[in-house]
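K.L.:
Pasting input09.pdb below, which is PDB, C-alpha atoms.
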```pdb
ATOM      1  CA  MET X   1      32.877  -2.384  11.910
ATOM      2  CA  GLY X   2      31.674  -0.836   8.666
ATOM      3  CA  ALA X   3      32.898   2.592   9.768
ATOM      4  CA  ALA X   4      36.311   1.173  10.651
ATOM      5  CA  ILE X   5      36.609  -0.469   7.232
ATOM      6  CA  GLY X   6      35.775   2.861   5.643
ATOM      7  CA  GLU X   7      38.541   4.527   7.656
ATOM      8  CA  ILE X   8      41.225   2.062   6.531
ATOM      9  CA  LEU X   9      40.138   1.679   2.913
ATOM     10  CA  GLY X  10      42.550   4.347   1.655
ATOM     11  CA  ASN X  11      45.466   2.717   3.472
ATOM     12  CA  ALA X  12      44.627  -0.686   2.005
ATOM     13  CA  VAL X  13      44.489   0.760  -1.522
ATOM     14  CA  GLY X  14      47.805   2.508  -0.831
ATOM     15  CA  VAL X  15      49.395  -0.842  -0.007
ATOM     16  CA  ALA X  16      47.836  -2.411  -3.104
ATOM     17  CA  ILE X  17      49.391   0.267  -5.325
ATOM     18  CA  SER X  18      52.909  -1.145  -5.024
ATOM     19  CA  PRO X  19      54.581  -1.452  -8.461
ATOM     20  CA  VAL X  20      57.665  -3.417  -7.353
ATOM     21  CA  PRO X  21      55.792  -6.416  -5.846
ATOM     22  CA  ILE X  22      53.455  -6.547  -8.855
ATOM     23  CA  ILE X  23      56.420  -6.508 -11.251
ATOM     24  CA  ALA X  24      58.153  -9.185  -9.167
ATOM     25  CA  VAL X  25      55.220 -11.590  -9.211
ATOM     26  CA  ILE X  26      54.723 -11.036 -12.955
ATOM     27  CA  LEU X  27      58.388 -11.859 -13.593
ATOM     28  CA  MET X  28      57.927 -15.061 -11.590
ATOM     29  CA  LEU X  29      55.098 -16.030 -13.928
ATOM     30  CA  PHE X  30      57.578 -16.163 -16.833
ATOM     31  CA  THR X  31      59.911 -18.616 -15.081
ATOM     32  CA  ALA X  32      59.993 -22.412 -15.020
ATOM     33  CA  LYS X  33      58.540 -22.470 -11.486
ATOM     34  CA  ALA X  34      55.806 -19.961 -12.229
ATOM     35  CA  VAL X  35      52.977 -21.525 -10.249
ATOM     36  CA  SER X  36      54.855 -22.593  -7.092
ATOM     37  CA  ASN X  37      56.905 -19.396  -6.823
ATOM     38  CA  SER X  38      54.045 -16.990  -7.532
ATOM     39  CA  LEU X  39      51.742 -18.715  -5.050
ATOM     40  CA  SER X  40      54.530 -18.730  -2.442
ATOM     41  CA  PHE X  41      55.144 -15.020  -3.060
ATOM     42  CA  LEU X  42      51.437 -14.278  -2.656
ATOM     43  CA  ALA X  43      51.317 -16.331   0.550
ATOM     44  CA  GLY X  44      54.318 -14.437   1.945
ATOM     45  CA  TRP X  45      52.684 -11.105   1.043
ATOM     46  CA  VAL X  46      49.382 -12.007   2.728
ATOM     47  CA  ILE X  47      51.022 -13.444   5.850
ATOM     48  CA  GLY X  48      53.376 -10.474   6.137
ATOM     49  CA  LEU X  49      50.489  -7.995   6.139
ATOM     50  CA  SER X  50      48.525 -10.168   8.556
ATOM     51  CA  VAL X  51      51.407 -10.454  11.031
ATOM     52  CA  ALA X  52      52.205  -6.731  10.942
ATOM     53  CA  GLY X  53      48.547  -5.813  11.415
ATOM     54  CA  ALA X  54      48.009  -8.340  14.201
ATOM     55  CA  ILE X  55      51.010  -7.013  16.137
ATOM     56  CA  VAL X  56      49.643  -3.451  16.036
ATOM     57  CA  LEU X  57      46.208  -4.645  17.159
ATOM     58  CA  ALA X  58      47.774  -6.661  19.989
ATOM     59  CA  LEU X  59      49.697  -3.623  21.240
ATOM     60  CA  GLY X  60      46.603  -1.395  21.268
ATOM     61  CA  LEU X  61      46.850   2.380  20.939
ATOM     62  CA  GLU X  62      43.665   3.508  22.651
ATOM     63  CA  SER X  63      43.784   6.320  25.202
ATOM     64  CA  SER X  64      42.354   5.938  28.701
ATOM     65  CA  GLU X  65      39.377   8.105  27.666
ATOM     66  CA  GLY X  66      38.756   6.055  24.526
ATOM     67  CA  GLY X  67      39.641   7.176  21.026
ATOM     68  CA  GLU X  68      43.137   7.616  19.657
ATOM     69  CA  SER X  69      46.010   8.243  22.038
ATOM     70  CA  THR X  70      48.661  10.901  21.506
ATOM     71  CA  THR X  71      51.073   8.034  20.807
ATOM     72  CA  SER X  72      48.919   7.035  17.843
ATOM     73  CA  GLY X  73      48.898  10.645  16.664
ATOM     74  CA  TRP X  74      52.662  10.974  16.833
ATOM     75  CA  ILE X  75      53.090   7.677  15.001
ATOM     76  CA  LYS X  76      50.959   9.049  12.166
ATOM     77  CA  ILE X  77      52.950  12.287  12.108
ATOM     78  CA  VAL X  78      56.243  10.388  11.883
ATOM     79  CA  ILE X  79      54.921   8.135   9.117
ATOM     80  CA  GLY X  80      53.504  11.150   7.253
ATOM     81  CA  VAL X  81      56.859  12.972   7.366
ATOM     82  CA  LEU X  82      58.617   9.762   6.281
ATOM     83  CA  PHE X  83      56.287   9.416   3.304
ATOM     84  CA  LEU X  84      56.868  13.010   2.212
ATOM     85  CA  GLY X  85      60.617  12.357   2.401
ATOM     86  CA  LEU X  86      60.203   9.208   0.328
ATOM     87  CA  ALA X  87      58.161  11.182  -2.211
ATOM     88  CA  TRP X  88      61.078  13.569  -2.672
ATOM     89  CA  LYS X  89      63.509  10.653  -2.968
ATOM     90  CA  GLN X  90      61.368   8.940  -5.609
ATOM     91  CA  TRP X  91      60.968  12.126  -7.630
ATOM     92  CA  SER X  92      64.642  13.103  -7.496
ATOM     93  CA  SER X  93      65.746   9.619  -8.578
ATOM     94  CA  ARG X  94      63.233   9.259 -11.430
ATOM     95  CA  PRO X  95      64.588   8.337 -14.908
ATOM     96  CA  VAL X  96      65.276  11.355 -17.096
ATOM     97  CA  GLY X  97      65.026  11.344 -20.881
ATOM     98  CA  ASP X  98      65.902   7.960 -22.362
ATOM     99  CA  GLU X  99      67.309   6.661 -19.086
ATOM    100  CA  GLU X 100      66.063   3.178 -18.232
ATOM    101  CA  PRO X 101      64.132   2.799 -14.938
ATOM    102  CA  THR X 102      66.125   1.098 -12.180
ATOM    103  CA  MET X 103      64.656  -1.979 -10.541
ATOM    104  CA  PRO X 104      65.951  -3.779  -7.409
ATOM    105  CA  GLY X 105      69.032  -5.923  -8.113
ATOM    106  CA  TRP X 106      67.429  -9.122  -6.804
ATOM    107  CA  MET X 107      64.979  -9.098  -9.701
ATOM    108  CA  ALA X 108      67.784 -10.080 -12.079
ATOM    109  CA  SER X 109      67.974 -13.522 -10.454
ATOM    110  CA  ILE X 110      64.243 -14.068 -10.049
ATOM    111  CA  ASP X 111      64.281 -17.017 -12.466
ATOM    112  CA  GLN X 112      66.490 -18.860  -9.961
ATOM    113  CA  PHE X 113      64.145 -18.339  -7.012
ATOM    114  CA  THR X 114      62.815 -21.253  -5.005
ATOM    115  CA  ALA X 115      59.401 -21.323  -3.334
ATOM    116  CA  PRO X 116      60.841 -20.504   0.144
ATOM    117  CA  LYS X 117      62.811 -17.535  -1.240
ATOM    118  CA  SER X 118      59.736 -16.288  -3.095
ATOM    119  CA  PHE X 119      57.768 -16.538   0.144
ATOM    120  CA  GLY X 120      60.451 -14.596   2.006
ATOM    121  CA  ILE X 121      60.564 -11.805  -0.578
ATOM    122  CA  GLY X 122      56.777 -11.512  -0.493
ATOM    123  CA  PHE X 123      56.823 -11.326   3.302
ATOM    124  CA  LEU X 124      59.539  -8.651   3.357
ATOM    125  CA  LEU X 125      57.866  -6.498   0.701
ATOM    126  CA  SER X 126      54.590  -6.448   2.627
ATOM    127  CA  ALA X 127      55.666  -6.468   6.282
ATOM    128  CA  VAL X 128      59.032  -4.654   6.217
ATOM    129  CA  ASN X 129      58.799  -2.289   3.236
ATOM    130  CA  PRO X 130      58.519   1.230   4.768
ATOM    131  CA  LYS X 131      55.447   2.274   2.771
ATOM    132  CA  ASN X 132      53.430  -0.846   3.375
ATOM    133  CA  LEU X 133      54.464  -1.184   7.019
ATOM    134  CA  GLY X 134      53.662   2.471   7.667
ATOM    135  CA  LEU X 135      50.228   2.202   6.073
ATOM    136  CA  THR X 136      49.467  -1.005   7.956
ATOM    137  CA  ILE X 137      50.497   0.525  11.283
ATOM    138  CA  ALA X 138      48.397   3.629  10.647
ATOM    139  CA  ALA X 139      45.375   1.564   9.578
ATOM    140  CA  MET X 140      45.476  -0.861  12.490
ATOM    141  CA  ALA X 141      46.129   1.962  14.951
ATOM    142  CA  LYS X 142      42.835   3.429  13.803
ATOM    143  CA  VAL X 143      41.092   0.060  14.125
ATOM    144  CA  SER X 144      42.426  -0.515  17.645
ATOM    145  CA  THR X 145      40.883   2.785  18.788
ATOM    146  CA  SER X 146      37.472   2.227  17.165
ATOM    147  CA  GLY X 147      35.908   0.394  20.109
ATOM    148  CA  LEU X 148      35.468  -2.858  18.191
ATOM    149  CA  SER X 149      35.339  -6.325  19.682
ATOM    150  CA  THR X 150      38.269  -8.675  19.090
ATOM    151  CA  ALA X 151      36.293 -10.562  16.437
ATOM    152  CA  GLU X 152      35.435  -7.305  14.654
ATOM    153  CA  GLU X 153      39.069  -6.173  14.757
ATOM    154  CA  ILE X 154      40.141  -9.464  13.195
ATOM    155  CA  GLY X 155      37.413  -9.159  10.568
ATOM    156  CA  THR X 156      38.556  -5.636   9.701
ATOM    157  CA  LEU X 157      42.165  -6.825   9.436
ATOM    158  CA  VAL X 158      41.049  -9.588   7.054
ATOM    159  CA  VAL X 159      39.277  -7.046   4.836
ATOM    160  CA  PHE X 160      42.364  -4.803   4.894
ATOM    161  CA  VAL X 161      44.651  -7.685   3.866
ATOM    162  CA  LEU X 162      42.283  -8.813   1.097
ATOM    163  CA  ILE X 163      42.065  -5.339  -0.454
ATOM    164  CA  ALA X 164      45.802  -4.721  -0.063
ATOM    165  CA  SER X 165      46.548  -8.042  -1.791
ATOM    166  CA  LEU X 166      44.281  -7.646  -4.840
ATOM    167  CA  THR X 167      46.936  -6.282  -7.201
ATOM    168  CA  VAL X 168      49.452  -8.991  -6.276
ATOM    169  CA  ALA X 169      46.850 -11.758  -6.474
ATOM    170  CA  ALA X 170      45.407 -10.603  -9.823
ATOM    171  CA  PRO X 171      48.397 -11.618 -12.024
ATOM    172  CA  VAL X 172      48.666 -14.968 -10.207
ATOM    173  CA  LEU X 173      44.983 -15.740 -10.756
ATOM    174  CA  LEU X 174      45.140 -14.506 -14.346
ATOM    175  CA  ASN X 175      47.987 -16.906 -15.054
ATOM    176  CA  LEU X 176      46.199 -19.821 -13.363
ATOM    177  CA  ILE X 177      43.030 -19.210 -15.380
ATOM    178  CA  LEU X 178      44.433 -18.257 -18.801
ATOM    179  CA  GLY X 179      47.911 -19.801 -18.770
ATOM    180  CA  ALA X 180      50.042 -18.723 -21.764
ATOM    181  CA  ARG X 181      47.204 -16.535 -23.080
ATOM    182  CA  ALA X 182      47.778 -14.172 -20.136
ATOM    183  CA  GLN X 183      51.389 -13.429 -21.055
ATOM    184  CA  PRO X 184      50.788 -10.460 -23.440
ATOM    185  CA  THR X 185      48.613  -8.729 -20.816
ATOM    186  CA  LEU X 186      51.127  -9.444 -18.053
ATOM    187  CA  THR X 187      53.992  -8.114 -20.191
ATOM    188  CA  THR X 188      52.112  -4.873 -20.865
ATOM    189  CA  MET X 189      51.377  -4.461 -17.153
ATOM    190  CA  LYS X 190      54.995  -5.099 -16.198
ATOM    191  CA  ASP X 191      56.418  -2.654 -18.752
ATOM    192  CA  TRP X 192      53.994   0.127 -17.797
ATOM    193  CA  LEU X 193      54.657  -0.288 -14.077
ATOM    194  CA  ALA X 194      58.436  -0.316 -14.574
ATOM    195  CA  GLU X 195      58.301   2.827 -16.714
ATOM    196  CA  ASN X 196      55.988   4.763 -14.384
ATOM    197  CA  ASN X 197      57.112   3.404 -11.009
ATOM    198  CA  SER X 198      58.745   6.643  -9.806
ATOM    199  CA  THR X 199      55.821   8.855 -10.819
ATOM    200  CA  VAL X 200      53.203   6.554  -9.300
ATOM    201  CA  MET X 201      55.098   6.237  -6.028
ATOM    202  CA  THR X 202      55.816   9.978  -5.802
ATOM    203  CA  VAL X 203      52.134  10.901  -6.131
ATOM    204  CA  LEU X 204      51.118   8.130  -3.731
ATOM    205  CA  PHE X 205      53.649   9.175  -1.093
ATOM    206  CA  VAL X 206      52.612  12.850  -1.308
ATOM    207  CA  VAL X 207      48.879  12.092  -0.969
ATOM    208  CA  LEU X 208      49.258   9.523   1.813
ATOM    209  CA  GLY X 209      51.952  11.509   3.618
ATOM    210  CA  ALA X 210      49.842  14.660   3.694
ATOM    211  CA  LYS X 211      46.792  12.740   4.912
ATOM    212  CA  LEU X 212      48.655  10.920   7.711
ATOM    213  CA  LEU X 213      50.401  14.115   8.776
ATOM    214  CA  GLY X 214      47.072  15.928   8.972
ATOM    215  CA  ASP X 215      45.413  13.060  10.856
ATOM    216  CA  GLY X 216      48.276  12.901  13.331
ATOM    217  CA  ILE X 217      48.243  16.641  13.991
ATOM    218  CA  ALA X 218      44.476  16.488  14.577
ATOM    219  CA  VAL X 219      45.012  13.842  17.278
ATOM    220  CA  VAL X 220      47.864  15.513  19.192
ATOM    221  CA  ALA X 221      46.660  19.121  18.851
TER     222      ALA X 221
END
```
Now, as a test, write the supplied structure out as structure tokens.

P.N.:
Amino acid sequence: MGAAIGEILGNAVGVAISPVPIIAVILMLFTAKAVSNSLSFLAGWVIGLSVAGAIVLALGLESSEGGESTTSGWIKIVIGVLFLGLAWKQWSSRPVGDEEPTMPGWMASIDQFTAPKSFGIGFLLSAVNPKNLGLTIAAMAKVSTSGLSTAEEIGTLVVFVLIASLTVAAPVLLNLILGARAQPTLTTMKDWLAENNSTVMTVLFVVLGAKLLGDGIAVVA
């Protein structure tokens, strides 16, 4: 199980480095329903990752001889190519000069969110977002071919979800512990992430895309 966790650690960190969800949950912490909405968002994020990972584990991608199947390899190749394409998209759409960074339109109405809507957004950003879904699929595909017992697979999925949720959970916990005293720190985090979102995501997509592409080629070759 320890070896499997080591294999998926990079994927989990890749999911955790997601500027948009972090910005979204920080914005929620400045609204009238800060606690209920932020906790609902975090719950949606965690459940979304758990559901996506559990589905991949249930499908199983192990070959008849043990180890990864060619299907798993091709999945990694497709995800790797997709990530490289997304890297180009992020870089080409980055703000230039004094241009303000563009955030998703739904963020403008975040102060009007209810707990169920916050939950739904959290779920979508973790389970449906191409980057996070791709990394979860690749990670759990590796776990399903590691020869682990069902209990060990579930344990590895739990570790993956915990690591992948750290950056979303941190602002929520900071607000619960410090209250208003956390606001200057949260504002600084939000502004930096908004300003550097394109650069961070471009580098992340290139690194992860190249790794998944290489891993996939190694399996199918």

K.L.:
Around all listed atoms of range 88-92 of chain X, padded 5 Å per side, what centre and edge lengths does the axis-aligned box have in Å to one decimal, as lines of an AutoDock Vina configuration file?

P.N.:
```
center_x = 62.8
center_y = 11.3
center_z = -5.2
size_x = 13.7
size_y = 14.6
size_z = 15.0
```

K.L.:
Using only C-alpha atoms, pick whichever of X:Leu86, X:Ala170, X:Met103, X:Leu124 has the shortest atom-to-atom distance to Ser38 in chain X.

P.N.:
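That would be X:Ala170, the residue with the smallest distance to Ser38 in chain X.
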
K.L.:
Find the residues near Pro21 in chain X: any atom within 8 Å, counting all atoms listed in the file, skip ones fewer than 3 places away on the same chain, and give them as an NGL selection string.

P.N.:
:X and (18 or 24-25 or 122 or 125 or 168)

K.L.:
Identify all residues satisfying the PyMOL selection byres ((chain X and resi 134) around 12) in the given file; provide them as an mmCIF file with C-alpha atoms, in the coordinates of the input.

P.N.:
```cif
data_model
loop_
_atom_site.group_PDB
_atom_site.id
_atom_site.type_symbol
_atom_site.label_atom_id
_atom_site.label_comp_id
_atom_site.auth_asym_id
_atom_site.auth_seq_id
_atom_site.Cartn_x
_atom_site.Cartn_y
_atom_site.Cartn_z
ATOM 1 C CA ASN X 11 45.466 2.717 3.472
ATOM 2 C CA ALA X 12 44.627 -0.686 2.005
ATOM 3 C CA GLY X 14 47.805 2.508 -0.831
ATOM 4 C CA VAL X 15 49.395 -0.842 -0.007
ATOM 5 C CA LEU X 49 50.489 -7.995 6.139
ATOM 6 C CA ALA X 52 52.205 -6.731 10.942
ATOM 7 C CA GLY X 53 48.547 -5.813 11.415
ATOM 8 C CA VAL X 56 49.643 -3.451 16.036
ATOM 9 C CA ILE X 75 53.090 7.677 15.001
ATOM 10 C CA LYS X 76 50.959 9.049 12.166
ATOM 11 C CA ILE X 77 52.950 12.287 12.108
ATOM 12 C CA VAL X 78 56.243 10.388 11.883
ATOM 13 C CA ILE X 79 54.921 8.135 9.117
ATOM 14 C CA GLY X 80 53.504 11.150 7.253
ATOM 15 C CA VAL X 81 56.859 12.972 7.366
ATOM 16 C CA LEU X 82 58.617 9.762 6.281
ATOM 17 C CA PHE X 83 56.287 9.416 3.304
ATOM 18 C CA LEU X 86 60.203 9.208 0.328
ATOM 19 C CA SER X 126 54.590 -6.448 2.627
ATOM 20 C CA ALA X 127 55.666 -6.468 6.282
ATOM 21 C CA VAL X 128 59.032 -4.654 6.217
ATOM 22 C CA ASN X 129 58.799 -2.289 3.236
ATOM 23 C CA PRO X 130 58.519 1.230 4.768
ATOM 24 C CA LYS X 131 55.447 2.274 2.771
ATOM 25 C CA ASN X 132 53.430 -0.846 3.375
ATOM 26 C CA LEU X 133 54.464 -1.184 7.019
ATOM 27 C CA LEU X 135 50.228 2.202 6.073
ATOM 28 C CA THR X 136 49.467 -1.005 7.956
ATOM 29 C CA ILE X 137 50.497 0.525 11.283
ATOM 30 C CA ALA X 138 48.397 3.629 10.647
ATOM 31 C CA ALA X 139 45.375 1.564 9.578
ATOM 32 C CA MET X 140 45.476 -0.861 12.490
ATOM 33 C CA ALA X 141 46.129 1.962 14.951
ATOM 34 C CA PHE X 205 53.649 9.175 -1.093
ATOM 35 C CA LEU X 208 49.258 9.523 1.813
ATOM 36 C CA GLY X 209 51.952 11.509 3.618
ATOM 37 C CA LEU X 212 48.655 10.920 7.711
#
```

K.L.:
Take the PyMOL selection byres ((chain X and resi 169) around 12), run it mentally on this structure, and tell me the resulting residues as number ranges by chain.

P.N.:
X: 16, 21-26, 29, 38-46, 122, 161-168, 170-176

K.L.:
Pick out the closest residue to Glu100 in chain X from this set: X:Leu178, X:Ala194, X:Ala210, X:Leu148. Count only C-alpha atoms.

P.N.:
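Of X:Leu178, X:Ala194, X:Ala210, X:Leu148, the one nearest Glu100 in chain X is X:Ala194, counting only C-alpha atoms.
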
K.L.:
If the PyMOL selection byres ((chain X and resi 216) around 6) were run on this exact file, what residues would it hold? Put them as a list in words.

P.N.:
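What the PyMOL selection byres ((chain X and resi 216) around 6) grabs from the file is Gly73, Trp74, Lys76, Ile77, Leu212, Leu213, Gly214, Asp215, Ile217, Ala218 and Val219 of chain X.
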
K.L.:
In Å, rounded to a single decimal, give me how far CA of Val13 in chain X is from CA of Ser92 in chain X.

P.N.:
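The value is 24.4 Å.
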